[in-house]
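Chemist: Dropping a structure here in structure tokens format, bear with me for questions.
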Amino acid sequence: MSESEDHLFAVYSRSPVEVDHAEGSRLYDRSGREYLDFVQGVATNGLGHANPILIDALTAQAKKVWHVSNIYTIPQQHELASKLCEASFADQVFFTNSGAEAVEAALKLARKYHAFKGHPERIDIIGFKGAFHGRTYAAINAAGNEGYLDGFGPRLPGYVNVSLDDHDAIRAAAEAPTAAAIIVEPVQGEGGARALTDAELHLLRDLCDANGLLLIFDEIQCGMGRTGKLWAHEYSGVIPDVMCLAKALGGGFPIGACLATREAASGMTFGAHGSTFGGNPMAMAVGLAAFGELSKPEMLENVVKVSGYIKQQLEGLKQTYPDMIDEVRGKGLLIGIKLKPNNRDVMTLARDNGLLIAGGGDNCVRMLPALNLTEADAREALERLEKTFIAIREKAQAAAKQTA
Ligand code: PLP
């Protein structure tokens, strides 16, 4: 489609793959060409494409009722909220339509908590370099990525952005009398699949406890089983006060959730927040079905097994192609490959070789496959990645010959 014909905001650099249909880990374009999909709607289709359990849940609900808004009781909201609370530290849930809205709810909750406790001056949200929390004003200010803030006016007051390596700066921000909350992804996604160490997470919890701040974990990308545990923070034993979910929570259907302890949510009283579509019956029906599958022990075991296999194979590829792979990182099936050649070039050539992978900060590509990925599909994806590396080498050699 030429730009003049395109009636969409030009905010994406879209892949030319014209998606026709998809099933499991395979996606097909309109010409019938098959791809292994290791993007899966950016870590969203936790059960892969066209999962029959999700399709049944959605179609059954579509025949009953689509939407009524939150002025009525939606029984499935209570059901999904109680399942999420039973499986986590949380006591209460607010449902949204997206990840950014879940973050928005969490940040509003944090400020409202302090106002409710008689400290309206406590407004500072402390976020980290390399973070991504979505594209609302609050979310871009919390993550502090200059590229996403540029051109949107002055930075909002009450947002402090620090480096995870700068403990003095983190401490100073947390000890400020205006500090309200720390927001962090236990495994940074878009920033390049960087898993925080247990020590880093413990430090943040300790600073929150010592200074009366709320600790918010953004598990929108790394939660819902992606790391091999239902919640990524389970590895460290650090428990947050608030957690944001979205993506795989709906298995590909738009949904988000802000989970909190009763204490943290104490300021979220009648009228404090709301949403027309958040928690609608369709999203809840799919969310319940997705949760039932993703929380099964065998699903989490599969993530551990298949991700272990992929990481081991990638380490092997790193030995064979030291000119391609700099570092393999991430946790579970949130895999980052820090590359030596340009990550965008690798993504394009991988696509030409039938493998879809996502980009990431720090010149990474991310593999975000379905959590029920088979080892056979993983092997095939790695073969396509190796073919891609060979193609890049050949291109570089041909270019070197031409200049010689
Ligand atoms: N937080 C994290 C960690 C994410 O990865 C994303 C999306 O990629 C978001 C927040 C924003 O979610 P959404 O795009 O659904 O608003």
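Identifiers in this document derive from the order of the structure tokens: chains are assigned A, B, ..., residues are numbered from 1 separately in each chain, and ligands are numbered from 1 in order of occurrence.
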Dump the neighbourhood of ligand 1 as JSON, numbers by chain: all residues within 7 Å, distances computed on only C-alpha atoms and all ligand atoms.

Modeler: {"A": [42, 98, 99, 100, 101, 103, 132, 133, 134, 135, 185, 188, 189, 190, 218, 219, 220, 221, 246, 247]}

Chemist: I need the residues from that last selection saved to file as a compact mmCIF listing (two decimals), in the first residue's frame (with C-alpha atoms), if you can.

Modeler:
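Everything below was put into out.txt:
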```txt
# COMPACT_ATOMS: atom_id res chain seq x y z
CA VAL A 42 4.47 -9.51 21.10
CA SER A 98 -4.48 -2.93 27.69
CA GLY A 99 -1.15 -2.94 29.44
CA ALA A 100 -0.73 0.83 29.45
CA GLU A 101 -4.11 1.18 31.15
CA VAL A 103 0.05 0.77 34.42
CA PHE A 132 8.87 0.12 28.88
CA HIS A 133 5.45 0.58 30.43
CA GLY A 134 3.28 1.58 27.46
CA ARG A 135 2.43 4.77 25.59
CA GLU A 185 9.71 -4.96 35.12
CA GLN A 188 12.73 -5.87 31.07
CA GLY A 189 11.07 -6.77 27.78
CA GLU A 190 11.36 -4.10 25.13
CA ASP A 218 5.08 -4.55 35.60
CA GLU A 219 4.65 -8.21 34.58
CA ILE A 220 2.74 -7.33 31.44
CA GLN A 221 5.32 -9.08 29.26
CA ALA A 246 -1.96 -7.73 30.16
CA LYS A 247 -0.75 -9.51 27.00
```

Chemist: Neighbours of Val242 (chain A) within 9 Å (only C-alpha atoms; same-chain residues fewer than 2 positions away dropped), as a compact mmCIF listing (two decimals) with all heavy atoms, in the first residue's frame?

Modeler:
```txt
# COMPACT_ATOMS: atom_id res chain seq x y z
N PHE A 89 -0.09 -12.67 45.40
CA PHE A 89 -0.07 -11.92 46.67
C PHE A 89 -1.31 -11.03 46.80
O PHE A 89 -1.57 -10.47 47.86
CB PHE A 89 1.16 -11.00 46.68
CG PHE A 89 1.05 -9.96 45.61
CD1 PHE A 89 0.51 -8.71 45.90
CD2 PHE A 89 1.39 -10.24 44.29
CE1 PHE A 89 0.33 -7.76 44.90
CE2 PHE A 89 1.21 -9.29 43.29
CZ PHE A 89 0.68 -8.06 43.60
N ALA A 90 -2.05 -10.84 45.68
CA ALA A 90 -3.02 -9.74 45.62
C ALA A 90 -4.35 -10.08 46.29
O ALA A 90 -4.70 -11.26 46.46
CB ALA A 90 -3.28 -9.37 44.16
N ALA A 106 -2.21 1.49 38.12
CA ALA A 106 -1.24 1.25 39.21
C ALA A 106 -0.64 2.57 39.70
O ALA A 106 -0.47 2.79 40.91
CB ALA A 106 -0.14 0.32 38.72
N LEU A 109 -3.24 4.50 41.56
CA LEU A 109 -3.42 3.84 42.86
C LEU A 109 -2.33 4.29 43.85
O LEU A 109 -2.61 4.59 45.01
CB LEU A 109 -3.38 2.32 42.66
CG LEU A 109 -3.36 1.40 43.88
CD1 LEU A 109 -4.02 0.06 43.56
CD2 LEU A 109 -1.95 1.16 44.41
N ALA A 110 -1.09 4.36 43.35
CA ALA A 110 0.03 4.70 44.24
C ALA A 110 -0.12 6.11 44.81
O ALA A 110 0.03 6.34 46.02
CB ALA A 110 1.35 4.58 43.48
N LEU A 214 5.26 2.14 47.66
CA LEU A 214 4.66 0.94 47.08
C LEU A 214 5.59 0.40 45.99
O LEU A 214 6.17 1.18 45.23
CB LEU A 214 3.28 1.25 46.48
CG LEU A 214 2.20 1.70 47.46
CD1 LEU A 214 0.88 1.93 46.72
CD2 LEU A 214 2.00 0.68 48.59
N LEU A 215 5.71 -0.92 45.94
CA LEU A 215 6.51 -1.55 44.89
C LEU A 215 5.56 -2.12 43.84
O LEU A 215 4.72 -2.98 44.14
CB LEU A 215 7.38 -2.67 45.50
CG LEU A 215 8.29 -3.41 44.52
CD1 LEU A 215 9.29 -2.46 43.84
CD2 LEU A 215 9.07 -4.53 45.24
N ILE A 216 5.71 -1.62 42.61
CA ILE A 216 4.85 -2.04 41.50
C ILE A 216 5.67 -2.89 40.53
O ILE A 216 6.69 -2.42 40.01
CB ILE A 216 4.29 -0.82 40.73
CG1 ILE A 216 3.54 0.13 41.67
CG2 ILE A 216 3.40 -1.27 39.58
CD1 ILE A 216 3.23 1.50 41.06
N PHE A 217 5.26 -4.12 40.29
CA PHE A 217 5.91 -4.93 39.27
C PHE A 217 5.08 -4.89 38.00
O PHE A 217 3.87 -5.19 38.02
CB PHE A 217 6.06 -6.38 39.74
CG PHE A 217 7.21 -6.60 40.70
CD1 PHE A 217 7.30 -7.78 41.42
CD2 PHE A 217 8.20 -5.64 40.88
CE1 PHE A 217 8.35 -7.99 42.30
CE2 PHE A 217 9.25 -5.84 41.76
CZ PHE A 217 9.33 -7.02 42.48
N ASP A 218 5.72 -4.50 36.91
CA ASP A 218 5.08 -4.55 35.60
C ASP A 218 5.41 -5.92 35.00
O ASP A 218 6.51 -6.13 34.48
CB ASP A 218 5.60 -3.40 34.72
CG ASP A 218 4.99 -3.43 33.32
OD1 ASP A 218 4.39 -4.45 32.95
OD2 ASP A 218 5.13 -2.42 32.60
N ILE A 239 8.00 -9.96 46.92
CA ILE A 239 6.57 -9.78 46.67
C ILE A 239 6.27 -8.29 46.50
O ILE A 239 6.65 -7.49 47.36
CB ILE A 239 5.75 -10.30 47.88
CG1 ILE A 239 6.17 -11.72 48.28
CG2 ILE A 239 4.24 -10.22 47.60
CD1 ILE A 239 5.78 -12.79 47.33
N PRO A 240 5.59 -7.93 45.42
CA PRO A 240 5.25 -6.51 45.24
C PRO A 240 3.97 -6.14 46.01
O PRO A 240 3.32 -7.02 46.58
CB PRO A 240 5.01 -6.40 43.74
CG PRO A 240 4.42 -7.73 43.39
CD PRO A 240 5.08 -8.76 44.30
N CYS A 244 1.04 -5.28 37.46
CA CYS A 244 0.31 -5.01 36.22
C CYS A 244 0.42 -6.22 35.31
O CYS A 244 1.52 -6.75 35.11
CB CYS A 244 0.90 -3.80 35.50
SG CYS A 244 0.91 -2.32 36.51
N CYS A 258 -4.80 -4.63 36.90
CA CYS A 258 -3.94 -4.10 37.95
C CYS A 258 -4.32 -4.86 39.22
O CYS A 258 -5.48 -4.80 39.65
CB CYS A 258 -4.17 -2.60 38.10
SG CYS A 258 -3.25 -1.90 39.47
N LEU A 259 -3.36 -5.58 39.77
CA LEU A 259 -3.60 -6.37 40.98
C LEU A 259 -2.93 -5.66 42.15
O LEU A 259 -1.83 -5.12 42.00
CB LEU A 259 -2.97 -7.77 40.86
CG LEU A 259 -3.69 -8.84 40.02
CD1 LEU A 259 -3.76 -8.45 38.55
CD2 LEU A 259 -2.98 -10.18 40.16
N ALA A 260 -3.57 -5.71 43.33
CA ALA A 260 -2.96 -5.03 44.48
C ALA A 260 -3.38 -5.68 45.79
O ALA A 260 -4.41 -6.38 45.84
CB ALA A 260 -3.39 -3.56 44.49
N THR A 261 -2.59 -5.43 46.81
CA THR A 261 -3.02 -5.84 48.15
C THR A 261 -4.16 -4.91 48.55
O THR A 261 -4.29 -3.79 48.02
CB THR A 261 -1.89 -5.70 49.17
OG1 THR A 261 -1.52 -4.32 49.24
CG2 THR A 261 -0.67 -6.55 48.80
N ALA A 264 -2.70 -1.59 49.69
CA ALA A 264 -2.24 -0.70 48.61
C ALA A 264 -3.43 -0.08 47.87
O ALA A 264 -3.35 1.07 47.42
CB ALA A 264 -1.35 -1.47 47.63
N ALA A 265 -4.52 -0.84 47.76
CA ALA A 265 -5.69 -0.35 47.02
C ALA A 265 -6.64 0.44 47.91
O ALA A 265 -7.75 0.78 47.48
CB ALA A 265 -6.43 -1.53 46.38
```

Chemist: Near Ile55 (chain A), counting only C-alpha atoms, which residues have an atom at most 12 Å away, once you skip same-chain residues fewer than 6 positions from it, shown as a PyMOL selection string?

Modeler: chain A and resi 23+47-49+61-62+250-253+282-283+285-287+289-290

Chemist: Please give the complete set of residues from region 196-315 of chain A that DSSP, run on the backbone, assigns to alpha helix (DSSP H), formatted as number ranges by chain.

Modeler: A: 198-211, 281-294, 297-315

Chemist: Could you work out how far CA of Asp345 (chain A) lies from CA of Ser13 (chain A), giving the answer in Å with one decimal?

Modeler: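 Distance reported for this atom pair: 13.5 Å.
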
Chemist: Looking only at strand (DSSP E) from DSSP on the backbone, list the matching residues of region 19-109 of chain A as a list in words.

Modeler: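 Residues meeting the strand (DSSP E) criterion: Val19, Asp20, His21, Ala22, Glu23, Arg26, Leu27, Tyr28, Asp29, Glu34, Tyr35, Leu36, Asp37, Gln92, Val93, Phe94, Phe95 and Thr96 of chain A.
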
Chemist: Grab the CA of Ala131 (chain A) to CA of Ile170 (chain A) distance for me, in Å with one decimal place.

Modeler: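 These two atoms are separated by 14.6 Å.
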
Chemist: Neighbours of Gly336 (chain A) within 8 Å (only C-alpha atoms; same-chain residues fewer than 6 positions away dropped), as a PyMOL selection string?

Modeler: chain A and resi 192-194+328-330+360+364-367

Chemist: I want to know what sits within 10 Å of Ala350 (chain A), based on only C-alpha atoms, with residues of the same chain fewer than 2 positions away left out; could you give that as a ChimeraX atom specification?

Modeler: /A:35,344-348,352-357,381,384-389,391-392

Chemist: Need the shell around Ala396 (chain A): protein/DNA/RNA residues with any atom at most 12 Å away, counting only C-alpha atoms. Skip same-chain ones fewer than 6 positions apart. Format as a PyMOL selection string?

Modeler: chain A and resi 323-324+341+345+389-390+402-403

Chemist: Please, could you write that set of residues out with N, CA, C and O atoms as a JSON list (two decimals), in the first residue's frame?

Modeler:
```json
[["chain", "number", "residue", "atom", "x", "y", "z"],
["A", 323, "ASP", "N", 30.66, -13.73, 15.28],
["A", 323, "ASP", "CA", 30.48, -12.46, 14.58],
["A", 323, "ASP", "C", 29.02, -12.04, 14.54],
["A", 323, "ASP", "O", 28.69, -10.95, 14.06],
["A", 324, "MET", "N", 28.12, -12.91, 15.03],
["A", 324, "MET", "CA", 26.68, -12.61, 15.01],
["A", 324, "MET", "C", 26.13, -12.37, 16.41],
["A", 324, "MET", "O", 25.47, -11.38, 16.66],
["A", 341, "PRO", "N", 25.62, -7.79, 14.25],
["A", 341, "PRO", "CA", 25.07, -7.00, 13.15],
["A", 341, "PRO", "C", 23.80, -6.26, 13.60],
["A", 341, "PRO", "O", 23.26, -6.58, 14.67],
["A", 345, "ASP", "N", 18.31, -5.55, 10.53],
["A", 345, "ASP", "CA", 18.71, -6.33, 9.35],
["A", 345, "ASP", "C", 18.50, -7.81, 9.61],
["A", 345, "ASP", "O", 18.04, -8.56, 8.73],
["A", 389, "PHE", "N", 21.94, -16.24, 9.73],
["A", 389, "PHE", "CA", 23.32, -15.84, 10.02],
["A", 389, "PHE", "C", 24.22, -16.13, 8.82],
["A", 389, "PHE", "O", 25.08, -15.32, 8.46],
["A", 390, "ILE", "N", 24.00, -17.29, 8.19],
["A", 390, "ILE", "CA", 24.83, -17.64, 7.01],
["A", 390, "ILE", "C", 24.59, -16.61, 5.91],
["A", 390, "ILE", "O", 25.52, -16.12, 5.27],
["A", 402, "GLN", "N", 33.37, -6.56, -3.20],
["A", 402, "GLN", "CA", 33.08, -5.44, -4.11],
["A", 402, "GLN", "C", 33.97, -4.23, -3.82],
["A", 402, "GLN", "O", 34.40, -3.54, -4.73],
["A", 403, "THR", "N", 34.21, -4.00, -2.53],
["A", 403, "THR", "CA", 35.02, -2.82, -2.17],
["A", 403, "THR", "C", 36.52, -3.09, -2.34],
["A", 403, "THR", "O", 37.31, -2.17, -2.38]]
```

Chemist: Find the residue from A:Phe38, A:Tyr113, A:Phe270, A:Phe95 that sits nearest to Leu382 (chain A); use only C-alpha atoms when measuring.

Modeler: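 Checking each of A:Phe38, A:Tyr113, A:Phe270, A:Phe95 against Leu382 (chain A), counting only C-alpha atoms, the winner is A:Phe38.
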
Chemist: Given only C-alpha atoms as the basis, pick out the residue of A:Leu204, A:Gly267, A:Asp20, A:Leu245 nearest to Arg111 (chain A).

Modeler: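 Of A:Leu204, A:Gly267, A:Asp20, A:Leu245, the one nearest Arg111 (chain A) is A:Gly267, counting only C-alpha atoms.
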
Chemist: Grab the CA of Val187 (chain A) to CA of Met268 (chain A) distance for me, in Å with one decimal place.

Modeler: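 According to the coordinates, CA of Val187 (chain A) and CA of Met268 (chain A) are separated by 27.6 Å.
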
Chemist: Which residues, written as a PyMOL selection string, have at least one atom at most 8 Å from region 163-165 of chain A, with only C-alpha atoms counted and residues fewer than 2 positions away on the same chain left out?

Modeler: chain A and resi 128-129+161+167+169-170+200

Chemist: Compare A:Val17, A:Leu373, A:Ile337, A:Met299 by their minimum atom-to-atom distance to Gly359 (chain A), counting only C-alpha atoms, and give me the closest one.

Modeler: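 Closest to Gly359 (chain A) of all the choices is A:Ile337.
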
Chemist: Between A:Thr178, A:Thr374, A:Ser275, A:Gln76, single out the one closest to Pro120 (chain A), counting only C-alpha atoms.

Modeler: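 Selected residue with least distance to Pro120 (chain A): A:Thr178.
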